[in-house]
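K.L.:
Please find data-v5.pdb (PDB, C-alpha atoms and all ligand atoms) on the next line:
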```pdb
MODEL        1
ATOM      1  CA  MET A1494     -27.309  43.693 -46.875  1.00  0.00           C
ATOM      2  CA  PRO A1495     -29.246  46.893 -47.695  1.00  0.00           C
ATOM      3  CA  HIS A1496     -32.994  46.394 -48.032  1.00  0.00           C
ATOM      4  CA  ILE A1497     -34.587  48.175 -51.001  1.00  0.00           C
ATOM      5  CA  LEU A1498     -38.332  48.706 -51.260  1.00  0.00           C
ATOM      6  CA  ILE A1499     -39.448  49.057 -54.886  1.00  0.00           C
ATOM      7  CA  VAL A1500     -42.817  50.714 -55.453  1.00  0.00           C
ATOM      8  CA  GLU A1501     -43.788  50.069 -59.065  1.00  0.00           C
ATOM      9  CA  ASP A1502     -47.082  48.879 -60.545  1.00  0.00           C
ATOM     10  CA  GLU A1503     -45.658  47.633 -63.870  1.00  0.00           C
ATOM     11  CA  ARG A1504     -44.993  44.034 -62.921  1.00  0.00           C
ATOM     12  CA  HIS A1505     -42.467  43.200 -65.594  1.00  0.00           C
ATOM     13  CA  LEU A1506     -40.387  46.202 -64.746  1.00  0.00           C
ATOM     14  CA  ALA A1507     -40.711  45.554 -61.005  1.00  0.00           C
ATOM     15  CA  GLN A1508     -39.636  41.937 -61.334  1.00  0.00           C
ATOM     16  CA  GLY A1509     -36.755  42.850 -63.638  1.00  0.00           C
ATOM     17  CA  LEU A1510     -35.595  45.398 -61.065  1.00  0.00           C
ATOM     18  CA  ARG A1511     -35.858  42.884 -58.265  1.00  0.00           C
ATOM     19  CA  PHE A1512     -33.868  40.300 -60.213  1.00  0.00           C
ATOM     20  CA  ASN A1513     -31.087  42.740 -60.999  1.00  0.00           C
ATOM     21  CA  LEU A1514     -30.896  44.329 -57.552  1.00  0.00           C
ATOM     22  CA  GLU A1515     -30.815  40.929 -55.877  1.00  0.00           C
ATOM     23  CA  ALA A1516     -27.962  40.004 -58.200  1.00  0.00           C
ATOM     24  CA  GLU A1517     -26.188  43.107 -56.829  1.00  0.00           C
ATOM     25  CA  GLY A1518     -26.576  41.706 -53.323  1.00  0.00           C
ATOM     26  CA  PHE A1519     -29.534  43.789 -52.143  1.00  0.00           C
ATOM     27  CA  THR A1520     -32.554  42.431 -50.323  1.00  0.00           C
ATOM     28  CA  VAL A1521     -35.606  43.549 -52.293  1.00  0.00           C
ATOM     29  CA  THR A1522     -39.306  43.897 -51.504  1.00  0.00           C
ATOM     30  CA  LEU A1523     -41.881  44.873 -54.127  1.00  0.00           C
ATOM     31  CA  ALA A1524     -45.001  46.952 -53.501  1.00  0.00           C
ATOM     32  CA  GLU A1525     -47.508  47.659 -56.272  1.00  0.00           C
ATOM     33  CA  THR A1526     -49.143  50.680 -54.697  1.00  0.00           C
ATOM     34  CA  GLY A1527     -48.136  53.644 -52.614  1.00  0.00           C
ATOM     35  CA  GLU A1528     -50.670  52.626 -49.989  1.00  0.00           C
ATOM     36  CA  ALA A1529     -48.979  49.227 -49.581  1.00  0.00           C
ATOM     37  CA  ALA A1530     -45.568  50.907 -49.355  1.00  0.00           C
ATOM     38  CA  LEU A1531     -46.732  53.362 -46.684  1.00  0.00           C
ATOM     39  CA  GLU A1532     -48.129  50.478 -44.680  1.00  0.00           C
ATOM     40  CA  LEU A1533     -44.786  48.656 -44.780  1.00  0.00           C
ATOM     41  CA  LEU A1534     -42.931  51.859 -43.935  1.00  0.00           C
ATOM     42  CA  SER A1535     -45.058  52.523 -40.869  1.00  0.00           C
ATOM     43  CA  ASN A1536     -42.205  50.533 -39.329  1.00  0.00           C
ATOM     44  CA  GLU A1537     -39.559  53.263 -39.489  1.00  0.00           C
ATOM     45  CA  HIS A1538     -36.653  50.841 -39.954  1.00  0.00           C
ATOM     46  CA  TYR A1539     -38.314  48.638 -42.549  1.00  0.00           C
ATOM     47  CA  ALA A1540     -36.047  49.503 -45.494  1.00  0.00           C
ATOM     48  CA  ASP A1541     -32.776  51.314 -46.249  1.00  0.00           C
ATOM     49  CA  LEU A1542     -33.967  52.979 -49.439  1.00  0.00           C
ATOM     50  CA  MET A1543     -37.116  53.257 -51.544  1.00  0.00           C
ATOM     51  CA  VAL A1544     -37.279  53.271 -55.346  1.00  0.00           C
ATOM     52  CA  LEU A1545     -40.571  55.050 -55.967  1.00  0.00           C
ATOM     53  CA  ASP A1546     -42.432  55.332 -59.254  1.00  0.00           C
ATOM     54  CA  VAL A1547     -44.422  58.544 -59.751  1.00  0.00           C
ATOM     55  CA  MET A1548     -47.292  57.098 -61.807  1.00  0.00           C
ATOM     56  CA  LEU A1549     -49.084  54.625 -59.524  1.00  0.00           C
ATOM     57  CA  PRO A1550     -52.727  53.472 -59.513  1.00  0.00           C
ATOM     58  CA  GLY A1551     -53.810  55.110 -56.223  1.00  0.00           C
ATOM     59  CA  LYS A1552     -51.624  57.654 -54.498  1.00  0.00           C
ATOM     60  CA  SER A1553     -48.953  59.093 -56.765  1.00  0.00           C
ATOM     61  CA  GLY A1554     -45.276  58.834 -55.923  1.00  0.00           C
ATOM     62  CA  PHE A1555     -45.344  62.542 -55.037  1.00  0.00           C
ATOM     63  CA  GLU A1556     -48.108  61.937 -52.490  1.00  0.00           C
ATOM     64  CA  VAL A1557     -46.329  58.908 -51.042  1.00  0.00           C
ATOM     65  CA  ALA A1558     -43.064  60.820 -50.583  1.00  0.00           C
ATOM     66  CA  ASP A1559     -44.884  63.762 -49.081  1.00  0.00           C
ATOM     67  CA  GLU A1560     -46.823  61.596 -46.596  1.00  0.00           C
ATOM     68  CA  LEU A1561     -43.683  59.776 -45.575  1.00  0.00           C
ATOM     69  CA  ARG A1562     -41.862  63.043 -44.868  1.00  0.00           C
ATOM     70  CA  GLN A1563     -44.895  64.436 -43.028  1.00  0.00           C
ATOM     71  CA  ALA A1564     -44.666  61.334 -40.828  1.00  0.00           C
ATOM     72  CA  LYS A1565     -41.010  62.315 -40.194  1.00  0.00           C
ATOM     73  CA  ASN A1566     -39.621  59.289 -41.970  1.00  0.00           C
ATOM     74  CA  TYR A1567     -36.384  60.254 -43.737  1.00  0.00           C
ATOM     75  CA  LEU A1568     -35.730  57.069 -45.670  1.00  0.00           C
ATOM     76  CA  PRO A1569     -33.717  57.891 -48.840  1.00  0.00           C
ATOM     77  CA  ILE A1570     -36.058  58.040 -51.855  1.00  0.00           C
ATOM     78  CA  LEU A1571     -35.008  57.546 -55.467  1.00  0.00           C
ATOM     79  CA  MET A1572     -37.928  58.643 -57.600  1.00  0.00           C
ATOM     80  CA  LEU A1573     -38.685  57.262 -61.055  1.00  0.00           C
ATOM     81  CA  THR A1574     -40.230  60.016 -63.166  1.00  0.00           C
ATOM     82  CA  ALA A1575     -42.239  59.243 -66.289  1.00  0.00           C
ATOM     83  CA  ARG A1576     -40.722  62.102 -68.233  1.00  0.00           C
ATOM     84  CA  ALA A1577     -37.487  63.943 -67.797  1.00  0.00           C
ATOM     85  CA  SER A1578     -39.574  67.071 -67.349  1.00  0.00           C
ATOM     86  CA  ALA A1579     -38.033  69.561 -64.987  1.00  0.00           C
ATOM     87  CA  GLU A1580     -41.454  70.127 -63.400  1.00  0.00           C
ATOM     88  CA  ASP A1581     -41.691  66.434 -62.444  1.00  0.00           C
ATOM     89  CA  VAL A1582     -38.182  66.417 -61.103  1.00  0.00           C
ATOM     90  CA  LEU A1583     -38.724  69.529 -59.019  1.00  0.00           C
ATOM     91  CA  ALA A1584     -42.101  68.295 -57.772  1.00  0.00           C
ATOM     92  CA  GLY A1585     -40.335  65.121 -56.668  1.00  0.00           C
ATOM     93  CA  PHE A1586     -37.684  67.031 -54.754  1.00  0.00           C
ATOM     94  CA  ALA A1587     -40.331  69.299 -53.235  1.00  0.00           C
ATOM     95  CA  ALA A1588     -42.191  66.178 -52.027  1.00  0.00           C
ATOM     96  CA  GLY A1589     -39.010  64.944 -50.350  1.00  0.00           C
ATOM     97  CA  ALA A1590     -37.238  62.735 -52.910  1.00  0.00           C
ATOM     98  CA  ASP A1591     -33.441  62.570 -52.604  1.00  0.00           C
ATOM     99  CA  ASP A1592     -32.664  61.666 -56.191  1.00  0.00           C
ATOM    100  CA  TYR A1593     -34.537  60.898 -59.413  1.00  0.00           C
ATOM    101  CA  LEU A1594     -34.207  58.928 -62.612  1.00  0.00           C
ATOM    102  CA  PRO A1595     -36.289  59.529 -65.745  1.00  0.00           C
ATOM    103  CA  LYS A1596     -37.880  56.497 -67.438  1.00  0.00           C
ATOM    104  CA  PRO A1597     -36.774  54.629 -69.430  1.00  0.00           C
ATOM    105  CA  PHE A1598     -33.477  54.212 -67.613  1.00  0.00           C
ATOM    106  CA  ASP A1599     -30.403  52.068 -67.837  1.00  0.00           C
ATOM    107  CA  LEU A1600     -30.231  49.475 -65.067  1.00  0.00           C
ATOM    108  CA  ALA A1601     -26.552  50.140 -64.486  1.00  0.00           C
ATOM    109  CA  ILE A1602     -27.400  53.787 -63.839  1.00  0.00           C
ATOM    110  CA  LEU A1603     -30.160  52.860 -61.400  1.00  0.00           C
ATOM    111  CA  VAL A1604     -27.753  50.630 -59.492  1.00  0.00           C
ATOM    112  CA  ALA A1605     -25.121  53.387 -59.461  1.00  0.00           C
ATOM    113  CA  ARG A1606     -27.642  55.909 -58.118  1.00  0.00           C
ATOM    114  CA  ILE A1607     -28.727  53.488 -55.379  1.00  0.00           C
ATOM    115  CA  HIS A1608     -25.133  52.951 -54.331  1.00  0.00           C
ATOM    116  CA  GLY A1609     -24.619  56.707 -54.427  1.00  0.00           C
ATOM    117  CA  LEU A1610     -27.573  57.422 -52.144  1.00  0.00           C
ATOM    118  CA  LEU A1611     -26.627  54.705 -49.681  1.00  0.00           C
ATOM    119  CA  ARG A1612     -23.028  55.943 -49.672  1.00  0.00           C
ATOM    120  CA  ARG A1613     -24.084  59.546 -49.135  1.00  0.00           C
ATOM    121  CA  ARG A1614     -26.150  58.421 -46.201  1.00  0.00           C
ATOM    122  CA  GLN A1615     -23.235  56.503 -44.674  1.00  0.00           C
ATOM    123  CA  TRP A1616     -20.981  59.370 -45.435  1.00  0.00           C
ATOM    124  CA  LEU A1617     -23.363  61.608 -43.536  1.00  0.00           C
ATOM    125  CA  ALA A1618     -23.398  59.188 -40.614  1.00  0.00           C
ATOM    126  CA  PRO A1619     -20.207  57.109 -40.382  1.00  0.00           C
ATOM    127  CA  ALA A1620     -20.281  55.288 -37.055  1.00  0.00           C
ATOM    128  CA  ASP A1621     -16.790  56.292 -35.921  1.00  0.00           C
ATOM    129  CA  ALA A1622     -16.555  59.812 -37.343  1.00  0.00           C
ATOM    130  CA  PRO A1623     -16.833  62.862 -35.111  1.00  0.00           C
ATOM    131  CA  PRO A1624     -20.161  64.642 -35.540  1.00  0.00           C
ATOM    132  CA  ASP A1625     -20.248  67.164 -38.331  1.00  0.00           C
ATOM    133  CA  VAL A1626     -21.877  70.065 -36.571  1.00  0.00           C
ATOM    134  CA  TYR A1627     -22.439  73.726 -37.287  1.00  0.00           C
ATOM    135  CA  ALA A1628     -23.631  76.040 -34.520  1.00  0.00           C
ATOM    136  CA  PHE A1629     -24.919  79.588 -34.760  1.00  0.00           C
ATOM    137  CA  GLN A1630     -27.131  81.805 -32.611  1.00  0.00           C
ATOM    138  CA  GLY A1631     -28.197  79.017 -30.278  1.00  0.00           C
ATOM    139  CA  ARG A1632     -28.987  76.590 -33.059  1.00  0.00           C
ATOM    140  CA  VAL A1633     -26.977  73.456 -33.701  1.00  0.00           C
ATOM    141  CA  VAL A1634     -27.130  71.876 -37.141  1.00  0.00           C
ATOM    142  CA  ASP A1635     -25.997  68.256 -36.967  1.00  0.00           C
ATOM    143  CA  PHE A1636     -25.231  67.124 -40.519  1.00  0.00           C
ATOM    144  CA  THR A1637     -24.394  63.616 -39.303  1.00  0.00           C
ATOM    145  CA  ARG A1638     -27.665  62.968 -37.519  1.00  0.00           C
ATOM    146  CA  LEU A1639     -29.629  65.104 -39.992  1.00  0.00           C
ATOM    147  CA  GLU A1640     -31.235  67.360 -37.437  1.00  0.00           C
ATOM    148  CA  ILE A1641     -31.307  70.877 -36.100  1.00  0.00           C
ATOM    149  CA  GLN A1642     -31.443  71.426 -32.353  1.00  0.00           C
ATOM    150  CA  TYR A1643     -32.719  74.625 -30.837  1.00  0.00           C
ATOM    151  CA  GLY A1644     -33.184  74.504 -27.088  1.00  0.00           C
ATOM    152  CA  GLU A1645     -35.388  71.534 -26.365  1.00  0.00           C
ATOM    153  CA  ARG A1646     -36.605  71.319 -29.934  1.00  0.00           C
ATOM    154  CA  ARG A1647     -35.254  69.008 -32.597  1.00  0.00           C
ATOM    155  CA  TYR A1648     -36.078  69.311 -36.284  1.00  0.00           C
ATOM    156  CA  PRO A1649     -35.221  66.386 -38.548  1.00  0.00           C
ATOM    157  CA  LEU A1650     -33.782  67.170 -41.992  1.00  0.00           C
ATOM    158  CA  THR A1651     -34.001  65.249 -45.241  1.00  0.00           C
ATOM    159  CA  LEU A1652     -30.712  64.555 -47.030  1.00  0.00           C
ATOM    160  CA  MET A1653     -31.537  67.248 -49.568  1.00  0.00           C
ATOM    161  CA  GLU A1654     -32.435  69.822 -46.912  1.00  0.00           C
ATOM    162  CA  ALA A1655     -29.148  69.032 -45.181  1.00  0.00           C
ATOM    163  CA  ASN A1656     -27.205  69.237 -48.450  1.00  0.00           C
ATOM    164  CA  LEU A1657     -28.768  72.594 -49.357  1.00  0.00           C
ATOM    165  CA  LEU A1658     -28.173  74.025 -45.895  1.00  0.00           C
ATOM    166  CA  ARG A1659     -24.575  72.832 -45.888  1.00  0.00           C
ATOM    167  CA  TYR A1660     -24.052  74.427 -49.301  1.00  0.00           C
ATOM    168  CA  LEU A1661     -25.422  77.781 -48.067  1.00  0.00           C
ATOM    169  CA  VAL A1662     -23.583  77.644 -44.734  1.00  0.00           C
ATOM    170  CA  GLN A1663     -20.278  76.998 -46.511  1.00  0.00           C
ATOM    171  CA  ARG A1664     -20.912  80.182 -48.504  1.00  0.00           C
ATOM    172  CA  GLU A1665     -21.976  82.246 -45.512  1.00  0.00           C
ATOM    173  CA  GLY A1666     -22.520  85.905 -46.333  1.00  0.00           C
ATOM    174  CA  ARG A1667     -22.549  85.404 -50.105  1.00  0.00           C
ATOM    175  CA  PRO A1668     -25.678  85.728 -52.258  1.00  0.00           C
ATOM    176  CA  ILE A1669     -26.252  82.460 -54.142  1.00  0.00           C
ATOM    177  CA  SER A1670     -28.454  82.170 -57.215  1.00  0.00           C
ATOM    178  CA  ARG A1671     -31.227  79.595 -57.425  1.00  0.00           C
ATOM    179  CA  LYS A1672     -29.597  78.361 -60.591  1.00  0.00           C
ATOM    180  CA  ALA A1673     -26.299  77.719 -58.808  1.00  0.00           C
ATOM    181  CA  MET A1674     -28.116  75.847 -56.027  1.00  0.00           C
ATOM    182  CA  LEU A1675     -29.957  73.632 -58.518  1.00  0.00           C
ATOM    183  CA  ALA A1676     -26.739  72.877 -60.370  1.00  0.00           C
ATOM    184  CA  GLU A1677     -24.534  72.268 -57.332  1.00  0.00           C
ATOM    185  CA  VAL A1678     -26.927  70.682 -54.842  1.00  0.00           C
ATOM    186  CA  TRP A1679     -29.312  68.832 -57.167  1.00  0.00           C
ATOM    187  CA  ASP A1680     -27.082  68.467 -60.219  1.00  0.00           C
ATOM    188  CA  LEU A1681     -29.843  69.993 -62.386  1.00  0.00           C
ATOM    189  CA  ARG A1682     -28.184  72.043 -65.083  1.00  0.00           C
ATOM    190  CA  GLU A1683     -30.929  72.497 -67.674  1.00  0.00           C
ATOM    191  CA  GLU A1684     -32.870  75.742 -68.053  1.00  0.00           C
ATOM    192  CA  THR A1685     -35.632  75.197 -65.605  1.00  0.00           C
ATOM    193  CA  ASP A1686     -38.187  76.676 -63.281  1.00  0.00           C
ATOM    194  CA  THR A1687     -36.378  77.241 -60.021  1.00  0.00           C
ATOM    195  CA  ARG A1688     -39.357  77.622 -57.673  1.00  0.00           C
ATOM    196  CA  ALA A1689     -38.810  74.245 -55.974  1.00  0.00           C
ATOM    197  CA  ILE A1690     -35.853  75.859 -54.230  1.00  0.00           C
ATOM    198  CA  ASP A1691     -38.280  78.267 -52.579  1.00  0.00           C
ATOM    199  CA  ASN A1692     -40.179  75.369 -50.970  1.00  0.00           C
ATOM    200  CA  PHE A1693     -36.951  74.125 -49.431  1.00  0.00           C
ATOM    201  CA  ILE A1694     -36.104  77.590 -48.141  1.00  0.00           C
ATOM    202  CA  VAL A1695     -39.588  77.916 -46.590  1.00  0.00           C
ATOM    203  CA  ARG A1696     -39.016  74.632 -44.740  1.00  0.00           C
ATOM    204  CA  LEU A1697     -35.504  75.539 -43.603  1.00  0.00           C
ATOM    205  CA  ARG A1698     -36.722  78.916 -42.329  1.00  0.00           C
ATOM    206  CA  LYS A1699     -39.193  77.130 -40.048  1.00  0.00           C
ATOM    207  CA  TYR A1700     -36.226  75.438 -38.375  1.00  0.00           C
ATOM    208  CA  LEU A1701     -33.739  78.320 -38.463  1.00  0.00           C
ATOM    209  CA  GLU A1702     -35.729  81.481 -37.904  1.00  0.00           C
ATOM    210  CA  ASP A1703     -37.495  82.873 -34.840  1.00  0.00           C
ATOM    211  CA  GLU A1704     -39.984  84.493 -37.208  1.00  0.00           C
ATOM    212  CA  PRO A1705     -39.978  82.577 -40.500  1.00  0.00           C
ATOM    213  CA  ALA A1706     -41.976  85.365 -42.175  1.00  0.00           C
ATOM    214  CA  HIS A1707     -39.237  87.850 -41.234  1.00  0.00           C
ATOM    215  CA  PRO A1708     -36.035  85.879 -41.807  1.00  0.00           C
ATOM    216  CA  ARG A1709     -32.761  87.137 -40.381  1.00  0.00           C
ATOM    217  CA  HIS A1710     -30.507  84.223 -41.390  1.00  0.00           C
ATOM    218  CA  LEU A1711     -31.842  82.787 -44.643  1.00  0.00           C
ATOM    219  CA  LEU A1712     -32.305  86.011 -46.545  1.00  0.00           C
ATOM    220  CA  THR A1713     -33.957  86.514 -49.913  1.00  0.00           C
ATOM    221  CA  VAL A1714     -31.683  88.394 -52.290  1.00  0.00           C
ATOM    222  CA  ARG A1715     -33.992  90.035 -54.762  1.00  0.00           C
ATOM    223  CA  GLY A1716     -33.331  89.100 -58.360  1.00  0.00           C
ATOM    224  CA  VAL A1717     -30.632  86.602 -57.319  1.00  0.00           C
ATOM    225  CA  GLY A1718     -31.620  83.924 -54.836  1.00  0.00           C
ATOM    226  CA  TYR A1719     -30.701  83.469 -51.203  1.00  0.00           C
ATOM    227  CA  GLN A1720     -27.975  84.196 -48.722  1.00  0.00           C
ATOM    228  CA  PHE A1721     -27.184  82.633 -45.364  1.00  0.00           C
ATOM    229  CA  VAL A1722     -26.086  85.015 -42.616  1.00  0.00           C
ATOM    230  CA  ALA A1723     -25.014  83.526 -39.282  1.00  0.00           C
ATOM    231  CA  LYS A1724     -24.825  86.668 -37.131  1.00  0.00           C
ATOM    232  CA  THR A1725     -27.578  89.201 -36.990  1.00  0.00           C
ATOM    233  CA  PRO A1726     -26.792  92.811 -36.086  1.00  0.00           C
TER     234      PRO A1726
HETATM  235 CA    CA A1801     -46.178  53.188 -62.967  1.00  0.00          CA
ENDMDL
END
```
I'd like the structure from this file rewritten - as C-alpha cells, please.
Ligand code: CA
P.N.:
Amino acid sequence: MPHILIVEDERHLAQGLRFNLEAEGFTVTLAETGEAALELLSNEHYADLMVLDVMLPGKSGFEVADELRQAKNYLPILMLTARASAEDVLAGFAAGADDYLPKPFDLAILVARIHGLLRRRQWLAPADAPPDVYAFQGRVVDFTRLEIQYGERRYPLTLMEANLLRYLVQREGRPISRKAMLAEVWDLREETDTRAIDNFIVRLRKYLEDEPAHPRHLLTVRGVGYQFVAKTP
C-alpha cells in the first residue's frame, strides 16, 4: 500500500485529495507546511511519494524539494505549480521535483501521474531484475539503484538526473539540443527557457568529471546543447 505525503495548505483541496487517493488504495498523510513535511521526512523511509504544493505559508515547495535533495533524500516528488508557467516548472525540476502538475488539475490526471511515478521507480528497481549498469572510465552508473560509483565514492541520483544521464548515454557521441532533452526527458514541448537543463548538467558533471570546470565527458556543444563522450583521447 504506497504511502503518499500530501503537502498542501488549502484544507479543502488537501482533504479532497486524501479522500480520492484513499479510494484508490493509497495510504495518505497530510501536512500543511513544508516544515512539517520535512520533519516527517527526516525518517528516510516515511513515505513512497510526496505531492508538494509550491505556494505554502512558510517554506515554498521549491525550498522543501531543494532541502530534501540536499539531505540526500530521493523520494519521488510530484509538484503542484500554481501556474503552468515554464519558469515554475523548470524551477521545480531544478529543485529536484520528478514530475509536476499545474493547478487546477483533474483528479484522474493526478492519480495517473502518481501511478506513473511509482511505476517508474519500480521499473528502475525491480527486485528480481539484473542491475541496469553503465560503466565508463572507472565510473559505474547504476540506473537501478540510482547511484554513480567511482572508487570508494558513491553519488546518489534523482530519478530525473538518472533519466537525463541515461538519455545522453544512449546517444553517446551525438550532440543533443536542450530542446530535445526537455521534450524527451521532461516531456516539455512548449517554447521555453531551457536553462534548467544547465543546472542538471552542472550536478552530473560533479559526479562524472575529474575536473567539473573542464569537462571531458559531458561536453558543452556551443549553440546546440550537450554531448556525452565515454572515452577521452
Ligand atoms: Ca498552497
K.L.:
For the file shown, what are the residues hit by the PyMOL selection byres (((chain A and resi 1546) around 10) and not hetatm), laid out as a list in words?
P.N.:
Ile1499, Val1500, Glu1501, Asp1502, Glu1503, Glu1525, Thr1526, Gly1527, Met1543, Val1544, Leu1545, Val1547, Met1548, Leu1549, Ser1553, Gly1554, Phe1555, Val1557, Leu1571, Met1572, Leu1573, Thr1574, Ala1575, Tyr1593, Leu1594, Pro1595 and Lys1596 of chain A
K.L.:
Filtering to C-alpha atoms, could you give me those residues as a PDB file, keeping the file's coordinate frame?
P.N.:
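Output (out.pdb):
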```pdb
ATOM      1  CA  ILE A1499     -39.448  49.057 -54.886  1.00  0.00           C
ATOM      2  CA  VAL A1500     -42.817  50.714 -55.453  1.00  0.00           C
ATOM      3  CA  GLU A1501     -43.788  50.069 -59.065  1.00  0.00           C
ATOM      4  CA  ASP A1502     -47.082  48.879 -60.545  1.00  0.00           C
ATOM      5  CA  GLU A1503     -45.658  47.633 -63.870  1.00  0.00           C
ATOM      6  CA  GLU A1525     -47.508  47.659 -56.272  1.00  0.00           C
ATOM      7  CA  THR A1526     -49.143  50.680 -54.697  1.00  0.00           C
ATOM      8  CA  GLY A1527     -48.136  53.644 -52.614  1.00  0.00           C
ATOM      9  CA  MET A1543     -37.116  53.257 -51.544  1.00  0.00           C
ATOM     10  CA  VAL A1544     -37.279  53.271 -55.346  1.00  0.00           C
ATOM     11  CA  LEU A1545     -40.571  55.050 -55.967  1.00  0.00           C
ATOM     12  CA  VAL A1547     -44.422  58.544 -59.751  1.00  0.00           C
ATOM     13  CA  MET A1548     -47.292  57.098 -61.807  1.00  0.00           C
ATOM     14  CA  LEU A1549     -49.084  54.625 -59.524  1.00  0.00           C
ATOM     15  CA  SER A1553     -48.953  59.093 -56.765  1.00  0.00           C
ATOM     16  CA  GLY A1554     -45.276  58.834 -55.923  1.00  0.00           C
ATOM     17  CA  PHE A1555     -45.344  62.542 -55.037  1.00  0.00           C
ATOM     18  CA  VAL A1557     -46.329  58.908 -51.042  1.00  0.00           C
ATOM     19  CA  LEU A1571     -35.008  57.546 -55.467  1.00  0.00           C
ATOM     20  CA  MET A1572     -37.928  58.643 -57.600  1.00  0.00           C
ATOM     21  CA  LEU A1573     -38.685  57.262 -61.055  1.00  0.00           C
ATOM     22  CA  THR A1574     -40.230  60.016 -63.166  1.00  0.00           C
ATOM     23  CA  ALA A1575     -42.239  59.243 -66.289  1.00  0.00           C
ATOM     24  CA  TYR A1593     -34.537  60.898 -59.413  1.00  0.00           C
ATOM     25  CA  LEU A1594     -34.207  58.928 -62.612  1.00  0.00           C
ATOM     26  CA  PRO A1595     -36.289  59.529 -65.745  1.00  0.00           C
ATOM     27  CA  LYS A1596     -37.880  56.497 -67.438  1.00  0.00           C
TER      28      LYS A1596
END
```
K.L.:
Check what the PyMOL selection byres (((chain A and resi 1694) around 12) and not hetatm) selects in the file above and give those residues as number ranges by chain.
P.N.:
A: 1587, 1653-1655, 1657-1658, 1661, 1671, 1674, 1687-1693, 1695-1702, 1705-1706, 1708, 1710-1713, 1718-1721
K.L.:
Between A:Lys1565, A:Tyr1660, A:Leu1514, A:Gly1631, single out the one closest to A:Asp1703, counting all atoms listed in the file.
P.N.:
A:Gly1631
K.L.:
Any idea what's packed within 9 Å of stretch 1504-1512 of chain A, counting all atoms listed in the file, ignoring anything in its chain fewer than 6 positions away? Could you give it as a ChimeraX atom specification?
P.N.:
/A:1519-1525,1600
K.L.:
Within 12 Å of A:Leu1652, counting all atoms listed in the file, which residues qualify if same-chain residues fewer than 3 places away don't, as a ChimeraX atom specification?
P.N.:
/A:1562,1566-1571,1586,1589-1592,1610-1618,1635-1640,1649,1655-1659,1678-1679,1693
K.L.:
To one decimal place in Å, what is the distance between atom CA of A:Ile1497 and atom CA of A:Ser1535?
P.N.:
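Distance reported for this atom pair: 15.2 Å.
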K.L.:
Kindly give the distance, in Å, that separates atom CA of A:Arg1682 and atom CA of A:Gly1716, rounded to a single decimal.
P.N.:
19.0 Å
K.L.:
Could you jot down the atom CA of A:Leu1681 to atom CA of A:Val1714 separation for me, Å, one decimal place?
P.N.:
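A separation of 21.1 Å between them.
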K.L.:
My list of candidates is A:Ala1628, A:Val1722, A:Val1634, A:Ala1516. Which is closest to A:Arg1667 when distances are computed with only C-alpha atoms?
P.N.:
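That would be A:Val1722, the residue with the smallest distance to A:Arg1667.
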K.L.:
Using all atoms listed in the file, which residue out of A:Pro1495, A:Gly1666, A:Pro1550, A:Gly1644 lies closest to ligand CA 1801 (chain A)?
P.N.:
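For ligand CA 1801 (chain A), the nearest of the candidates is A:Pro1550.
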K.L.:
For A:Val1604, which residue out of A:Ala1540, A:Glu1532, A:Val1633, A:Asn1513 is the nearest one, using all atoms listed in the file?
P.N.:
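Answer, going by the shortest atom-to-atom distance: A:Asn1513.
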K.L.:
As a PDB file, in the coordinates of the input, could you write out stretch 1565-1574 of chain A once it has been completed with N, CA, C and O atoms?
P.N.:
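What landed in out_29.pdb:
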```pdb
ATOM      1  N   LYS A1565     -42.382  62.201 -40.692  1.00  0.00           N
ATOM      2  CA  LYS A1565     -41.010  62.315 -40.194  1.00  0.00           C
ATOM      3  C   LYS A1565     -40.184  61.054 -40.449  1.00  0.00           C
ATOM      4  O   LYS A1565     -39.343  60.667 -39.642  1.00  0.00           O
ATOM      5  N   ASN A1566     -40.452  60.412 -41.563  1.00  0.00           N
ATOM      6  CA  ASN A1566     -39.621  59.289 -41.970  1.00  0.00           C
ATOM      7  C   ASN A1566     -38.682  59.800 -43.063  1.00  0.00           C
ATOM      8  O   ASN A1566     -39.131  60.329 -44.081  1.00  0.00           O
ATOM      9  N   TYR A1567     -37.371  59.655 -42.838  1.00  0.00           N
ATOM     10  CA  TYR A1567     -36.384  60.254 -43.737  1.00  0.00           C
ATOM     11  C   TYR A1567     -35.610  59.215 -44.545  1.00  0.00           C
ATOM     12  O   TYR A1567     -34.477  59.441 -44.959  1.00  0.00           O
ATOM     13  N   LEU A1568     -36.274  58.103 -44.790  1.00  0.00           N
ATOM     14  CA  LEU A1568     -35.730  57.069 -45.670  1.00  0.00           C
ATOM     15  C   LEU A1568     -35.304  57.690 -47.013  1.00  0.00           C
ATOM     16  O   LEU A1568     -36.067  58.454 -47.603  1.00  0.00           O
ATOM     17  N   PRO A1569     -34.099  57.361 -47.522  1.00  0.00           N
ATOM     18  CA  PRO A1569     -33.717  57.891 -48.840  1.00  0.00           C
ATOM     19  C   PRO A1569     -34.688  57.426 -49.932  1.00  0.00           C
ATOM     20  O   PRO A1569     -35.054  56.252 -49.971  1.00  0.00           O
ATOM     21  N   ILE A1570     -35.102  58.354 -50.782  1.00  0.00           N
ATOM     22  CA  ILE A1570     -36.058  58.040 -51.855  1.00  0.00           C
ATOM     23  C   ILE A1570     -35.435  58.360 -53.203  1.00  0.00           C
ATOM     24  O   ILE A1570     -34.992  59.492 -53.443  1.00  0.00           O
ATOM     25  N   LEU A1571     -35.397  57.354 -54.066  1.00  0.00           N
ATOM     26  CA  LEU A1571     -35.008  57.546 -55.467  1.00  0.00           C
ATOM     27  C   LEU A1571     -36.286  57.486 -56.288  1.00  0.00           C
ATOM     28  O   LEU A1571     -36.955  56.452 -56.320  1.00  0.00           O
ATOM     29  N   MET A1572     -36.651  58.583 -56.915  1.00  0.00           N
ATOM     30  CA  MET A1572     -37.928  58.643 -57.600  1.00  0.00           C
ATOM     31  C   MET A1572     -37.761  58.363 -59.086  1.00  0.00           C
ATOM     32  O   MET A1572     -36.817  58.850 -59.710  1.00  0.00           O
ATOM     33  N   LEU A1573     -38.686  57.547 -59.620  1.00  0.00           N
ATOM     34  CA  LEU A1573     -38.685  57.262 -61.055  1.00  0.00           C
ATOM     35  C   LEU A1573     -39.732  58.159 -61.713  1.00  0.00           C
ATOM     36  O   LEU A1573     -40.923  58.015 -61.454  1.00  0.00           O
ATOM     37  N   THR A1574     -39.286  59.104 -62.518  1.00  0.00           N
ATOM     38  CA  THR A1574     -40.230  60.016 -63.166  1.00  0.00           C
ATOM     39  C   THR A1574     -40.546  59.516 -64.566  1.00  0.00           C
ATOM     40  O   THR A1574     -39.695  58.941 -65.233  1.00  0.00           O
TER      41      THR A1574
END
```
